[in-house]
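What follows is start-v2.cif (mmCIF, C-alpha atoms).
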```
data_protein
loop_
_atom_site.label_atom_id
_atom_site.label_comp_id
_atom_site.auth_asym_id
_atom_site.auth_seq_id
_atom_site.Cartn_x
_atom_site.Cartn_y
_atom_site.Cartn_z
CA MET G 274 -0.67 -10.94 13.57
CA TYR G 275 1.25 -13.65 11.78
CA LYS G 276 0.02 -17.24 11.67
CA ASN G 277 3.38 -18.77 12.45
CA LYS G 278 6.93 -17.84 13.37
CA LYS G 279 8.24 -18.20 9.79
CA ASN G 280 5.75 -15.62 8.51
CA GLY G 281 6.75 -13.29 11.37
CA VAL G 282 10.42 -13.46 10.38
CA ILE G 283 9.54 -12.85 6.72
CA GLY G 284 7.48 -9.81 7.78
CA ILE G 285 10.41 -8.38 9.76
CA VAL G 286 12.86 -8.98 6.90
CA ILE G 287 10.50 -7.28 4.41
CA THR G 288 10.11 -4.30 6.79
CA ILE G 289 13.90 -3.96 7.15
CA ILE G 290 14.28 -4.03 3.34
CA ILE G 291 11.54 -1.39 2.94
CA LEU G 292 13.22 0.78 5.61
CA ILE G 293 16.65 0.56 3.94
CA LEU G 294 15.17 1.32 0.50
CA LEU G 295 13.28 4.31 1.93
CA VAL G 296 16.43 5.66 3.59
CA VAL G 297 18.57 5.16 0.47
CA PHE G 298 16.11 6.62 -2.03
CA THR G 299 14.92 9.59 0.05
CA ASN G 300 18.48 10.67 0.82
CA SER G 301 20.10 10.15 -2.57
CA ASN G 302 20.35 12.80 -5.23
CA ILE G 303 17.93 12.23 -8.12
CA ASN G 304 20.89 12.49 -10.54
CA GLN G 305 22.53 9.54 -8.83
CA ILE G 306 19.63 7.29 -9.76
CA SER G 307 19.48 8.47 -13.37
CA PHE G 308 20.49 4.98 -14.53
CA LEU G 309 17.10 3.76 -13.27
CA GLU G 310 15.43 6.54 -15.22
CA ASN G 311 17.39 5.49 -18.33
CA ILE G 312 16.32 1.87 -17.95
CA CYS G 313 12.67 2.89 -17.60
CA ASN G 314 12.98 5.23 -20.58
CA VAL G 315 14.30 2.42 -22.79
CA PHE G 316 10.97 0.63 -22.36
CA VAL G 317 8.58 3.55 -22.31
CA MET G 318 9.96 6.25 -24.62
CA PRO G 319 9.81 4.47 -28.06
CA VAL G 320 6.13 3.67 -27.53
CA GLN G 321 5.47 7.15 -26.16
CA ASN G 322 7.19 8.76 -29.18
CA GLY G 323 5.11 6.62 -31.53
CA PHE G 324 1.88 7.66 -29.84
CA THR G 325 2.85 11.34 -29.93
CA TYR G 326 3.73 11.13 -33.66
CA LEU G 327 0.39 9.47 -34.43
CA LYS G 328 -1.53 12.00 -32.36
CA ASN G 329 0.18 14.90 -34.17
CA LYS G 330 -0.52 13.36 -37.60
CA ILE G 331 -4.17 12.79 -36.85
CA SER G 332 -4.91 16.20 -35.42
CA GLY G 333 -2.80 18.01 -38.08
CA ASN G 334 -0.97 19.95 -35.43
CA GLU G 335 2.37 20.14 -37.19
CA ASN G 336 2.08 23.88 -38.00
CA PHE G 337 0.91 24.59 -34.51
CA PHE G 338 3.98 22.90 -33.09
CA ALA G 339 6.24 24.75 -35.54
CA ASP G 340 4.75 28.04 -34.30
CA MET G 341 5.15 26.85 -30.76
CA ASP G 342 8.84 26.26 -31.43
CA LYS G 343 9.22 29.79 -32.82
CA LEU G 344 7.43 31.27 -29.83
CA LYS G 345 9.57 29.25 -27.47
CA ALA G 346 12.75 30.47 -29.17
CA GLU G 347 11.50 34.07 -29.02
CA ASN G 348 10.58 33.63 -25.37
CA GLU G 349 14.03 32.25 -24.60
CA GLU G 350 15.64 35.22 -26.40
CA LEU G 351 13.54 37.69 -24.38
CA LYS G 352 14.35 35.86 -21.16
CA GLN G 353 18.02 36.06 -22.03
CA LYS G 354 17.78 39.82 -22.69
CA ASN G 355 15.85 40.28 -19.46
CA SER G 356 18.47 38.45 -17.43
CA GLU G 357 21.21 40.52 -19.14
CA LEU G 358 19.37 43.71 -18.14
CA GLU G 359 18.93 42.41 -14.60
CA GLN G 360 22.62 41.63 -14.51
CA SER G 361 23.50 45.17 -15.69
CA LEU G 362 21.16 46.64 -13.07
CA ARG G 363 22.76 44.53 -10.43
CA GLU G 364 26.25 45.53 -11.49
CA LEU G 365 25.22 49.19 -11.29
CA GLU G 366 23.79 48.64 -7.82
CA ILE G 367 27.01 46.95 -6.77
CA ILE G 368 29.17 49.81 -8.08
CA LYS G 369 26.92 52.34 -6.36
CA ALA G 370 27.08 50.44 -3.08
CA GLU G 371 30.82 50.01 -3.46
CA ASN G 372 31.32 53.77 -3.78
CA GLU G 373 29.35 54.42 -0.64
CA THR G 374 30.71 51.68 1.55
CA LEU G 375 34.24 51.07 0.35
CA LYS G 376 35.73 52.73 3.37
CA GLU G 377 33.43 50.79 5.67
CA TYR G 378 34.42 47.50 4.03
CA VAL G 379 38.09 48.23 4.61
CA ASN G 380 37.33 48.97 8.24
CA LEU G 381 35.34 45.73 8.53
CA LYS G 382 38.21 43.76 7.12
CA ASP G 383 40.47 45.26 9.73
CA LYS G 384 37.85 44.57 12.38
CA TYR G 385 37.68 40.90 11.34
CA LYS G 386 41.42 40.66 11.86
CA ASP G 387 40.99 41.88 15.40
CA TYR G 388 38.75 38.99 16.41
CA THR G 389 40.30 36.43 18.69
CA THR G 390 38.90 33.04 17.88
CA MET G 391 38.91 29.73 19.68
CA PRO G 392 38.76 26.63 17.46
CA ALA G 393 36.39 23.83 18.50
CA ASP G 394 35.07 20.52 17.26
CA VAL G 395 31.38 19.63 16.97
CA ILE G 396 30.89 16.68 19.34
CA ASN G 397 27.12 16.28 19.36
CA ARG G 398 24.15 17.23 17.21
CA ASP G 399 20.50 17.71 17.95
CA LEU G 400 18.49 14.49 18.35
CA SER G 401 15.22 16.15 17.39
CA ASN G 402 13.89 16.86 13.89
CA TYR G 403 12.52 20.24 14.96
CA SER G 404 15.54 22.11 16.30
CA SER G 405 19.16 22.56 15.33
CA ILE G 406 21.57 22.76 18.23
CA ILE G 407 25.16 21.56 18.28
CA VAL G 408 27.53 20.88 21.16
CA ILE G 409 31.19 21.91 20.87
CA ASN G 410 34.16 20.73 22.91
CA VAL G 411 35.19 24.05 24.47
CA GLY G 412 33.64 25.58 27.59
CA SER G 413 34.10 28.07 30.40
CA ASN G 414 37.56 26.63 31.15
CA ASP G 415 38.61 27.90 27.71
CA GLY G 416 37.09 31.34 28.25
CA ILE G 417 33.80 30.67 26.45
CA LYS G 418 30.78 32.66 27.66
CA GLU G 419 27.11 32.74 26.74
CA GLU G 420 26.10 34.77 23.66
CA MET G 421 29.51 34.52 22.03
CA THR G 422 29.36 34.30 18.25
CA VAL G 423 30.31 31.07 16.51
CA ILE G 424 31.57 31.08 12.94
CA ALA G 425 33.02 28.60 10.46
CA ASP G 426 35.39 29.18 7.56
CA ASP G 427 32.48 30.02 5.24
CA GLY G 428 30.37 32.18 7.52
CA LEU G 429 28.09 32.49 10.53
CA VAL G 430 27.12 29.35 12.49
CA GLY G 431 25.22 30.71 15.51
CA TYR G 432 25.77 31.72 19.11
CA VAL G 433 26.53 30.06 22.43
CA ILE G 434 23.39 29.51 24.54
CA SER G 435 24.86 27.64 27.50
CA VAL G 436 28.27 26.73 28.80
CA THR G 437 29.72 24.00 31.01
CA PRO G 438 33.39 23.87 32.03
CA THR G 439 34.27 21.66 29.05
CA THR G 440 31.43 22.00 26.52
CA SER G 441 29.14 24.65 25.04
CA LYS G 442 25.73 24.45 23.37
CA VAL G 443 25.39 26.47 20.19
CA GLN G 444 22.04 27.48 18.71
CA THR G 445 22.62 27.56 14.96
CA ILE G 446 21.15 30.11 12.57
CA VAL G 447 19.07 27.35 10.88
CA ASP G 448 17.21 26.70 14.16
CA THR G 449 13.60 27.90 14.01
CA ALA G 450 14.06 29.90 17.22
CA THR G 451 16.91 31.97 15.73
CA ALA G 452 16.32 35.32 14.03
CA VAL G 453 19.30 37.34 12.84
CA THR G 454 19.10 41.00 11.85
CA SER G 455 21.08 41.22 8.62
CA THR G 456 21.87 43.47 5.72
CA ILE G 457 21.97 42.85 2.01
CA SER G 458 25.56 43.81 1.24
CA THR G 459 24.87 45.44 -2.12
CA THR G 460 21.98 47.69 -1.06
CA GLU G 461 22.55 47.91 2.72
CA ASP G 462 18.85 47.17 3.32
CA THR G 463 18.10 45.59 6.68
CA ILE G 464 16.24 42.27 6.75
CA ILE G 465 15.53 39.51 9.28
CA VAL G 466 16.68 35.96 8.48
CA GLN G 467 15.13 33.02 10.32
CA GLY G 468 15.53 29.26 10.31
CA THR G 469 12.70 27.11 8.99
CA LEU G 470 11.60 23.53 9.60
CA ASP G 471 11.60 22.84 5.85
CA ASP G 472 15.27 22.93 5.07
CA LYS G 473 18.43 22.93 7.14
CA SER G 474 20.45 24.70 4.44
CA ASN G 475 18.11 27.62 3.76
CA LEU G 476 16.87 30.58 5.77
CA LYS G 477 13.80 32.72 5.26
CA ALA G 478 14.46 36.46 4.89
CA THR G 479 11.52 38.64 5.91
CA PHE G 480 10.78 42.32 6.61
CA ILE G 481 12.33 43.27 3.26
CA PRO G 482 11.78 47.02 2.66
CA THR G 483 9.23 47.55 -0.12
CA ASP G 484 11.61 49.77 -2.10
CA ALA G 485 14.59 47.42 -1.76
CA VAL G 486 16.00 45.82 -4.90
CA VAL G 487 16.76 42.25 -3.91
CA LEU G 488 18.34 40.07 -6.53
CA GLN G 489 19.36 36.45 -6.70
CA GLY G 490 22.99 36.04 -5.69
CA ASP G 491 23.12 39.06 -3.36
CA SER G 492 25.25 38.48 -0.30
CA VAL G 493 23.64 38.64 3.19
CA GLU G 494 25.69 39.67 6.23
CA THR G 495 25.05 40.34 9.89
CA SER G 496 24.05 43.95 10.58
CA GLY G 497 25.45 44.21 14.09
CA ILE G 498 22.01 45.20 15.44
CA GLY G 499 20.82 43.10 18.36
CA GLY G 500 24.03 42.91 20.31
CA ILE G 501 24.96 39.26 19.75
CA TYR G 502 26.56 39.07 16.32
CA PRO G 503 29.27 41.52 15.20
CA LYS G 504 28.70 43.41 11.98
CA GLY G 505 29.74 42.06 8.60
CA ILE G 506 29.84 38.30 9.13
CA HIS G 507 28.75 36.48 5.99
CA ILE G 508 25.51 34.50 6.38
CA GLY G 509 24.74 33.36 2.84
CA THR G 510 23.41 34.42 -0.53
CA ILE G 511 19.91 35.14 -1.80
CA LYS G 512 18.72 32.01 -3.59
CA GLU G 513 15.22 33.05 -4.53
CA VAL G 514 12.95 36.07 -4.10
CA VAL G 515 9.27 35.20 -3.57
CA ASN G 516 6.98 38.08 -4.51
CA THR G 517 3.50 38.18 -2.99
CA SER G 518 0.42 40.26 -3.84
CA ASN G 519 1.21 42.42 -0.83
CA PRO G 520 4.76 43.84 -1.25
CA THR G 521 5.30 43.99 2.52
CA ASP G 522 4.84 40.21 2.73
CA ARG G 523 7.45 39.30 0.15
CA TYR G 524 10.29 37.17 1.35
CA ALA G 525 13.52 35.65 0.11
CA ILE G 526 15.21 32.31 0.55
CA VAL G 527 18.82 32.67 1.71
CA GLU G 528 21.17 29.76 1.11
CA THR G 529 23.52 29.50 4.08
CA ALA G 530 27.25 29.78 3.38
CA VAL G 531 27.93 27.06 5.94
CA ASP G 532 26.95 23.48 5.15
CA PHE G 533 25.44 22.44 8.49
CA THR G 534 25.25 18.78 7.56
CA LYS G 535 29.03 18.62 7.19
CA LEU G 536 29.96 21.03 9.96
CA ASN G 537 32.72 19.50 12.06
CA THR G 538 34.92 22.39 13.17
CA VAL G 539 33.95 25.91 14.23
CA LEU G 540 35.54 29.09 15.60
CA VAL G 541 34.17 30.91 18.64
CA ILE G 542 34.79 34.67 18.61
CA THR G 543 35.93 35.35 22.15
CA ASN G 544 36.46 39.12 22.07
CA ASN G 545 33.40 40.54 20.30
CA LYS G 546 31.71 41.63 23.53
CA MET T 267 16.61 -7.37 43.83
CA LYS T 268 15.09 -8.30 40.49
CA LYS T 269 13.43 -4.90 40.29
CA THR T 270 16.71 -3.05 40.93
CA LEU T 271 18.50 -5.16 38.34
CA SER T 272 15.73 -4.48 35.80
CA ILE T 273 15.93 -0.74 36.41
CA ILE T 274 19.72 -0.82 35.93
CA ILE T 275 19.25 -2.75 32.66
CA LEU T 276 16.64 -0.18 31.52
CA ILE T 277 19.04 2.70 32.27
CA ILE T 278 21.86 0.97 30.35
CA SER T 279 19.42 0.35 27.47
CA PHE T 280 18.56 4.06 27.47
CA PHE T 281 22.22 4.97 26.96
CA ILE T 282 22.55 2.44 24.12
CA ILE T 283 19.44 4.00 22.52
CA TYR T 284 20.88 7.50 23.08
CA PHE T 285 24.09 6.63 21.22
CA LEU T 286 22.12 4.91 18.45
CA GLN T 287 19.90 7.98 18.04
CA SER T 288 22.77 10.50 18.09
CA ASN T 289 25.14 8.56 15.84
CA PHE T 290 23.53 5.93 13.61
CA PHE T 291 20.12 7.59 13.13
CA SER T 292 21.65 11.02 12.50
CA PHE T 293 22.56 9.80 9.00
CA PHE T 294 20.21 6.80 8.57
CA THR T 295 17.22 9.04 7.95
CA ILE T 296 14.11 8.97 5.81
CA ALA T 297 14.17 12.20 3.75
CA GLY T 298 16.35 13.80 6.44
CA THR T 299 13.96 12.83 9.26
CA LYS T 300 15.13 10.80 12.25
CA PRO T 301 12.96 8.41 14.26
CA ASN T 302 12.29 9.03 17.95
CA LEU T 303 13.50 5.94 19.77
CA PHE T 304 12.98 7.53 23.19
CA VAL T 305 9.20 7.62 22.72
CA ILE T 306 9.17 3.91 21.78
CA PHE T 307 11.36 3.05 24.78
CA VAL T 308 9.43 5.04 27.39
CA LEU T 309 6.08 3.77 26.05
CA PHE T 310 7.48 0.23 26.30
CA ILE T 311 8.36 0.85 29.99
CA GLY T 312 4.95 2.37 30.72
CA LEU T 313 3.13 -0.48 28.98
CA PHE T 314 4.94 -3.38 30.58
CA ALA T 315 6.33 -2.02 33.87
CA GLY T 316 3.50 0.34 34.83
CA LYS T 317 2.88 4.05 35.07
CA LYS T 318 5.04 4.68 38.14
CA LEU T 319 8.26 3.47 36.53
CA GLY T 320 7.19 4.87 33.14
CA LEU T 321 6.61 8.31 34.64
CA VAL T 322 9.79 8.38 36.75
CA LEU T 323 12.14 7.01 34.09
CA GLY T 324 10.43 9.14 31.39
CA ILE T 325 11.07 12.30 33.41
CA ILE T 326 14.67 11.31 34.25
CA PHE T 327 15.51 10.38 30.64
CA GLY T 328 13.80 13.52 29.32
CA PHE T 329 15.68 15.78 31.73
CA PHE T 330 18.93 14.08 30.76
CA LEU T 331 18.22 14.78 27.08
CA ASP T 332 17.31 18.40 27.86
CA ILE T 333 20.53 18.90 29.82
CA VAL T 334 22.77 17.26 27.23
CA ILE T 335 21.36 18.63 23.97
CA GLY T 336 18.14 20.55 24.66
CA ARG T 337 17.49 24.25 24.40
CA GLN T 338 15.30 24.44 27.49
CA ILE T 339 15.31 22.23 30.54
CA GLY T 340 12.06 20.40 31.22
CA ILE T 341 10.13 20.04 27.96
CA SER T 342 11.36 16.56 27.03
CA GLY T 343 11.23 15.56 30.70
CA ILE T 344 7.57 16.47 31.04
CA MET T 345 6.52 14.99 27.69
CA LEU T 346 8.40 11.69 28.16
CA GLY T 347 6.84 11.48 31.64
CA VAL T 348 3.42 11.88 30.02
CA ILE T 349 4.24 9.08 27.54
CA GLY T 350 5.26 6.83 30.48
CA LEU T 351 1.93 7.60 32.16
CA ILE T 352 -0.25 6.94 29.15
CA GLY T 353 1.60 3.64 28.62
CA GLU T 354 -0.39 2.16 31.51
CA TYR T 355 -3.60 3.75 30.23
CA PHE T 356 -3.00 2.05 26.87
CA ASP T 357 -2.31 -1.23 28.68
CA LYS T 358 -5.63 -1.07 30.53
CA SER T 359 -7.64 -0.03 27.47
CA PHE T 360 -6.09 -2.11 24.68
CA SER T 361 -4.41 -5.44 24.18
CA LYS T 362 -0.67 -5.28 23.75
CA GLU T 363 -0.54 -8.82 22.36
CA SER T 364 -1.26 -7.54 18.86
CA ARG T 365 1.30 -5.90 16.62
CA ILE T 366 -1.36 -3.59 15.19
CA THR T 367 -2.39 -2.16 18.57
CA ILE T 368 1.26 -1.63 19.56
CA MET T 369 1.80 0.19 16.25
CA LEU T 370 -1.26 2.38 16.91
CA MET T 371 0.01 3.13 20.42
CA ILE T 372 3.37 4.18 18.96
CA ILE T 373 1.62 6.43 16.41
CA GLY T 374 -0.47 8.06 19.17
CA SER T 375 2.49 8.50 21.54
CA THR T 376 4.78 9.98 18.86
CA ILE T 377 2.09 12.46 17.82
CA ILE T 378 1.34 13.46 21.45
CA TYR T 379 5.05 13.85 22.29
CA GLU T 380 6.01 15.92 19.23
CA ILE T 381 2.92 18.15 19.30
CA GLY T 382 3.51 18.76 23.02
CA CYS T 383 7.18 19.66 22.53
CA TYR T 384 6.41 21.86 19.51
CA ALA T 385 3.60 23.67 21.37
CA PHE T 386 5.95 24.35 24.30
CA ASN T 387 8.55 25.74 21.88
CA ILE T 388 6.03 28.01 20.16
CA ILE T 389 4.81 29.39 23.51
CA THR T 390 8.18 29.83 25.20
CA LEU T 391 10.50 30.68 22.30
CA ASP T 392 8.19 32.61 19.99
CA VAL T 393 8.89 30.18 17.15
CA ASN T 394 6.83 30.58 13.96
CA PHE T 395 4.08 27.97 13.60
CA GLU T 396 4.84 26.11 10.37
CA ILE T 397 1.94 23.67 10.23
CA ILE T 398 2.69 22.12 6.82
CA SER T 399 6.39 21.56 7.44
CA PHE T 400 5.71 20.29 10.96
CA SER T 401 3.02 17.86 9.73
CA LYS T 402 5.30 16.59 6.97
CA ILE T 403 8.18 15.87 9.37
CA LEU T 404 5.81 14.36 11.96
CA LEU T 405 4.28 12.05 9.36
CA ILE T 406 7.69 10.71 8.30
CA GLU T 407 8.79 10.38 11.93
CA VAL T 408 5.63 8.41 12.79
CA LEU T 409 6.17 6.14 9.77
CA TYR T 410 9.80 5.59 10.80
CA ASN T 411 8.80 4.75 14.38
CA VAL T 412 6.17 2.30 13.12
CA LEU T 413 8.70 0.54 10.87
CA ILE T 414 11.12 0.21 13.79
CA THR T 415 8.32 -1.12 16.00
CA ILE T 416 7.49 -3.81 13.43
CA ILE T 417 11.14 -4.88 13.40
CA ILE T 418 11.66 -4.93 17.17
CA TYR T 419 8.17 -6.22 18.09
CA PRO T 420 9.25 -9.82 18.96
CA ILE T 421 12.02 -8.48 21.25
CA MET T 422 9.59 -5.98 22.79
CA GLN T 423 7.12 -8.78 23.57
CA ARG T 424 9.71 -11.13 25.06
CA LEU T 425 11.45 -8.51 27.22
CA GLY T 426 8.14 -6.83 28.01
CA HIS T 427 6.61 -9.97 29.50
CA ASN T 428 9.70 -10.49 31.66
CA LEU T 429 9.37 -6.91 32.85
CA GLU T 430 5.65 -7.38 33.48
CA GLU T 431 6.30 -10.42 35.63
CA ILE T 432 8.67 -8.43 37.81
CA PHE T 433 6.72 -5.18 38.13
CA LYS T 434 3.05 -5.97 37.51
CA ILE T 435 2.43 -9.44 38.89
CA LYS T 436 0.20 -8.13 41.72
CA ASN T 437 -1.85 -6.03 39.33
CA ILE T 438 -2.44 -9.00 37.06
CA LEU T 439 -3.74 -11.08 39.97
CA THR T 440 -6.08 -8.37 41.22
CA ARG T 441 -7.40 -7.83 37.73
CA TYR T 442 -8.56 -11.41 37.29
CA PHE T 443 -9.48 -12.46 40.84
#
```
Step by step, read the file and then write its structure as structure tokens.
Amino acid sequence: MYKNKKNGVIGIVITIIILILLVVFTNSNINQISFLENICNVFVMPVQNGFTYLKNKISGNENFFADMDKLKAENEELKQKNSELEQSLRELEIIKAENETLKEYVNLKDKYKDYTTMPADVINRDLSNYSSIIVINVGSNDGIKEEMTVIADDGLVGYVISVTPTTSKVQTIVDTATAVTSTISTTEDTIIVQGTLDDKSNLKATFIPTDAVVLQGDSVETSGIGGIYPKGIHIGTIKEVVNTSNPTDRYAIVETAVDFTKLNTVLVITNNK
Amino acid sequence: MKKTLSIIILIISFFIIYFLQSNFFSFFTIAGTKPNLFVIFVLFIGLFAGKKLGLVLGIIFGFFLDIVIGRQIGISGIMLGVIGLIGEYFDKSFSKESRITIMLMIIGSTIIYEIGCYAFNIITLDVNFEIISFSKILLIEVLYNVLITIIIYPIMQRLGHNLEEIFKIKNILTRYF
């Protein structure tokens, strides 16, 4: 491909630089590279502002923009009122749910205390881009069995799928093959949360009842249905509700309580069976 | 003797690649996507050492990966075996002296391997088929594999020809005489 050895070396060096730049830029937060944006803006924005001013002068759009500003302010005010009403509605729902399930919550808290847990370290992570399995450093010698629930400080991690004397494989809830029957804690509606390929920190909640009021920020917990996970373990919070033309198809994005990219220690519940 | 030594070196290389993939490339990702070094390695064996070794080592390496970190035993074994087999097919059909053809072989092998594994998962585990997300990840993975191939191409050629001399010398003679 290259005419001589020197060109070949240059090609390899350029490829390595491109690879490093790709890795750095695709994994860094956009806010962290805001200085680049600022530098670009220094050159572009004065000219852009000048052009916009000229364009507005020529087309006599000043009144139009003034009206636009008023409409925007009005829109913002209405949005604010709407969110306040939504907040009030949510608070009411919470109080209602609290009245009905207060006793159950107390029982759950007691039940959580009863769990015997075995701490473990994550020693290996999935090599593939399409699944999310972790290996922990406890196994059958420590009393670990298949289908035991694995949690972290913040919430549910997954369940044990196979065990060796010294290690166990855990299928996490963000794996695409995992589906957890859950409940929205405020309304007690049952939903199914599943892992997606898109994002390792979000789950997709489906089978939401058509009459269920699902709001951003609602907590999602395990329902206890299915026989693997005990009831009441925190999974995450509703991040976004996506409404579709058919109400039965609507779904929600659940942000997991556990940060799977930084997961280093877990707890295996050894007495939930 | 030389053959045994080469196989031992290939097995040691596999473990080095395994630790690279599970440690370094778990954070050195492009938009969260890791490359697949195993596909590059098994294709390299199939191309330069022939389909027999490519198939056998592909299956052994794949089964090892399935046992250590896989969800089901066999999928990676079968698919890496297939990549080892098609390595020789690529060798017979295309020239491996060009960087471009090697890159195209890597693209083809990565796509075949990942689609195969994903199809197996959909059939056996009832996983939802997410075509857009899958294509997006596959595209980045292919790009990553191609970039790595460009970087390691001179080493691949040098080691590959040594391997070819040990395993394929008879085939080369029969091809030309």
Compute the chain G side of the contact with chain T at 10 Å, counting all atoms listed in the file, and hand it back as a PDB file with C-alpha atoms, in the frame of the given file.
```
ATOM      1  CA  MET G 274      -0.670 -10.940  13.570  1.00  0.00           C
ATOM      2  CA  TYR G 275       1.250 -13.650  11.780  1.00  0.00           C
ATOM      3  CA  GLY G 281       6.750 -13.290  11.370  1.00  0.00           C
ATOM      4  CA  VAL G 282      10.420 -13.460  10.380  1.00  0.00           C
ATOM      5  CA  GLY G 284       7.480  -9.810   7.780  1.00  0.00           C
ATOM      6  CA  ILE G 285      10.410  -8.380   9.760  1.00  0.00           C
ATOM      7  CA  VAL G 286      12.860  -8.980   6.900  1.00  0.00           C
ATOM      8  CA  ILE G 287      10.500  -7.280   4.410  1.00  0.00           C
ATOM      9  CA  THR G 288      10.110  -4.300   6.790  1.00  0.00           C
ATOM     10  CA  ILE G 289      13.900  -3.960   7.150  1.00  0.00           C
ATOM     11  CA  ILE G 291      11.540  -1.390   2.940  1.00  0.00           C
ATOM     12  CA  LEU G 292      13.220   0.780   5.610  1.00  0.00           C
ATOM     13  CA  ILE G 293      16.650   0.560   3.940  1.00  0.00           C
ATOM     14  CA  LEU G 294      15.170   1.320   0.500  1.00  0.00           C
ATOM     15  CA  LEU G 295      13.280   4.310   1.930  1.00  0.00           C
ATOM     16  CA  VAL G 296      16.430   5.660   3.590  1.00  0.00           C
ATOM     17  CA  VAL G 297      18.570   5.160   0.470  1.00  0.00           C
ATOM     18  CA  PHE G 298      16.110   6.620  -2.030  1.00  0.00           C
ATOM     19  CA  THR G 299      14.920   9.590   0.050  1.00  0.00           C
ATOM     20  CA  ASN G 300      18.480  10.670   0.820  1.00  0.00           C
ATOM     21  CA  SER G 301      20.100  10.150  -2.570  1.00  0.00           C
ATOM     22  CA  ASN G 397      27.120  16.280  19.360  1.00  0.00           C
ATOM     23  CA  ARG G 398      24.150  17.230  17.210  1.00  0.00           C
ATOM     24  CA  ASP G 399      20.500  17.710  17.950  1.00  0.00           C
ATOM     25  CA  LEU G 400      18.490  14.490  18.350  1.00  0.00           C
ATOM     26  CA  SER G 401      15.220  16.150  17.390  1.00  0.00           C
ATOM     27  CA  ASN G 402      13.890  16.860  13.890  1.00  0.00           C
ATOM     28  CA  TYR G 403      12.520  20.240  14.960  1.00  0.00           C
ATOM     29  CA  SER G 404      15.540  22.110  16.300  1.00  0.00           C
ATOM     30  CA  SER G 405      19.160  22.560  15.330  1.00  0.00           C
ATOM     31  CA  ILE G 406      21.570  22.760  18.230  1.00  0.00           C
ATOM     32  CA  ILE G 407      25.160  21.560  18.280  1.00  0.00           C
ATOM     33  CA  VAL G 408      27.530  20.880  21.160  1.00  0.00           C
ATOM     34  CA  ILE G 434      23.390  29.510  24.540  1.00  0.00           C
ATOM     35  CA  SER G 435      24.860  27.640  27.500  1.00  0.00           C
ATOM     36  CA  THR G 440      31.430  22.000  26.520  1.00  0.00           C
ATOM     37  CA  SER G 441      29.140  24.650  25.040  1.00  0.00           C
ATOM     38  CA  LYS G 442      25.730  24.450  23.370  1.00  0.00           C
ATOM     39  CA  VAL G 443      25.390  26.470  20.190  1.00  0.00           C
ATOM     40  CA  GLN G 444      22.040  27.480  18.710  1.00  0.00           C
ATOM     41  CA  ASP G 448      17.210  26.700  14.160  1.00  0.00           C
ATOM     42  CA  THR G 449      13.600  27.900  14.010  1.00  0.00           C
ATOM     43  CA  ALA G 450      14.060  29.900  17.220  1.00  0.00           C
ATOM     44  CA  THR G 451      16.910  31.970  15.730  1.00  0.00           C
ATOM     45  CA  ALA G 452      16.320  35.320  14.030  1.00  0.00           C
ATOM     46  CA  GLN G 467      15.130  33.020  10.320  1.00  0.00           C
ATOM     47  CA  GLY G 468      15.530  29.260  10.310  1.00  0.00           C
ATOM     48  CA  THR G 469      12.700  27.110   8.990  1.00  0.00           C
ATOM     49  CA  LEU G 470      11.600  23.530   9.600  1.00  0.00           C
ATOM     50  CA  ASP G 471      11.600  22.840   5.850  1.00  0.00           C
ATOM     51  CA  ASP G 472      15.270  22.930   5.070  1.00  0.00           C
ATOM     52  CA  LYS G 473      18.430  22.930   7.140  1.00  0.00           C
ATOM     53  CA  THR G 534      25.250  18.780   7.560  1.00  0.00           C
TER      54      THR G 534
END
```
Record the distance separating atom CA of G:Val515 and atom CA of G:Leu365, expressed in Å with one decimal.
22.6 Å
Among listed residues G:Ile368, G:Gly323, G:Val411, G:Tyr524, nearest G:Ser458 (using only C-alpha atoms):
G:Ile368
Write out as a CSV table (one decimal) with C-alpha atoms, keeping the file's coordinate frame each polymer residue whose atoms come within 7 Å of stretch 495-510 of chain G, counting all atoms listed in the file; drop sequence neighbours fewer than 6 positions from it.
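Once everything was written out, this is around_9.csv:
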```csv
chain,number,residue,atom,x,y,z
G,381,LEU,CA,35.3,45.7,8.5
G,420,GLU,CA,26.1,34.8,23.7
G,421,MET,CA,29.5,34.5,22.0
G,422,THR,CA,29.4,34.3,18.2
G,428,GLY,CA,30.4,32.2,7.5
G,429,LEU,CA,28.1,32.5,10.5
G,454,THR,CA,19.1,41.0,11.8
G,455,SER,CA,21.1,41.2,8.6
G,456,THR,CA,21.9,43.5,5.7
G,527,VAL,CA,18.8,32.7,1.7
G,528,GLU,CA,21.2,29.8,1.1
G,529,THR,CA,23.5,29.5,4.1
G,530,ALA,CA,27.2,29.8,3.4
G,545,ASN,CA,33.4,40.5,20.3
```
Might you spell out which residues the PyMOL selection byres ((chain T and resi 316) around 10) would select in the displayed file, as an MDAnalysis selection string?
chainID T and resid 309:315 317:321 350:355 357 429:430 433:434 437
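We find atom CA of G:Asn516 and atom CA of G:Lys477 to be spaced 13.1 Å apart.
Near T:Ser272, within 12 Å and counting all atoms listed in the file, sit T:Met267, T:Lys268, T:Lys269, T:Thr270, T:Ile274, T:Ile275, T:Leu276, T:Ile277, T:Ile278, T:Ser279, T:Ile311, T:Ala315, T:Leu319, T:Leu425, T:Gly426, T:Asn428, T:Leu429, T:Glu430, T:Glu431, T:Ile432, T:Phe433; same-chain residues fewer than 2 positions away were not included.
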Among listed residues G:Thr390, G:Glu461, G:Lys369, G:Asn475, nearest G:Phe533 (using all atoms listed in the file)
G:Asn475
If you count only C-alpha atoms, the residue of G:Met341, G:Ser474, G:Val453, G:Thr543 closest to G:Glu419 turns out to be G:Thr543
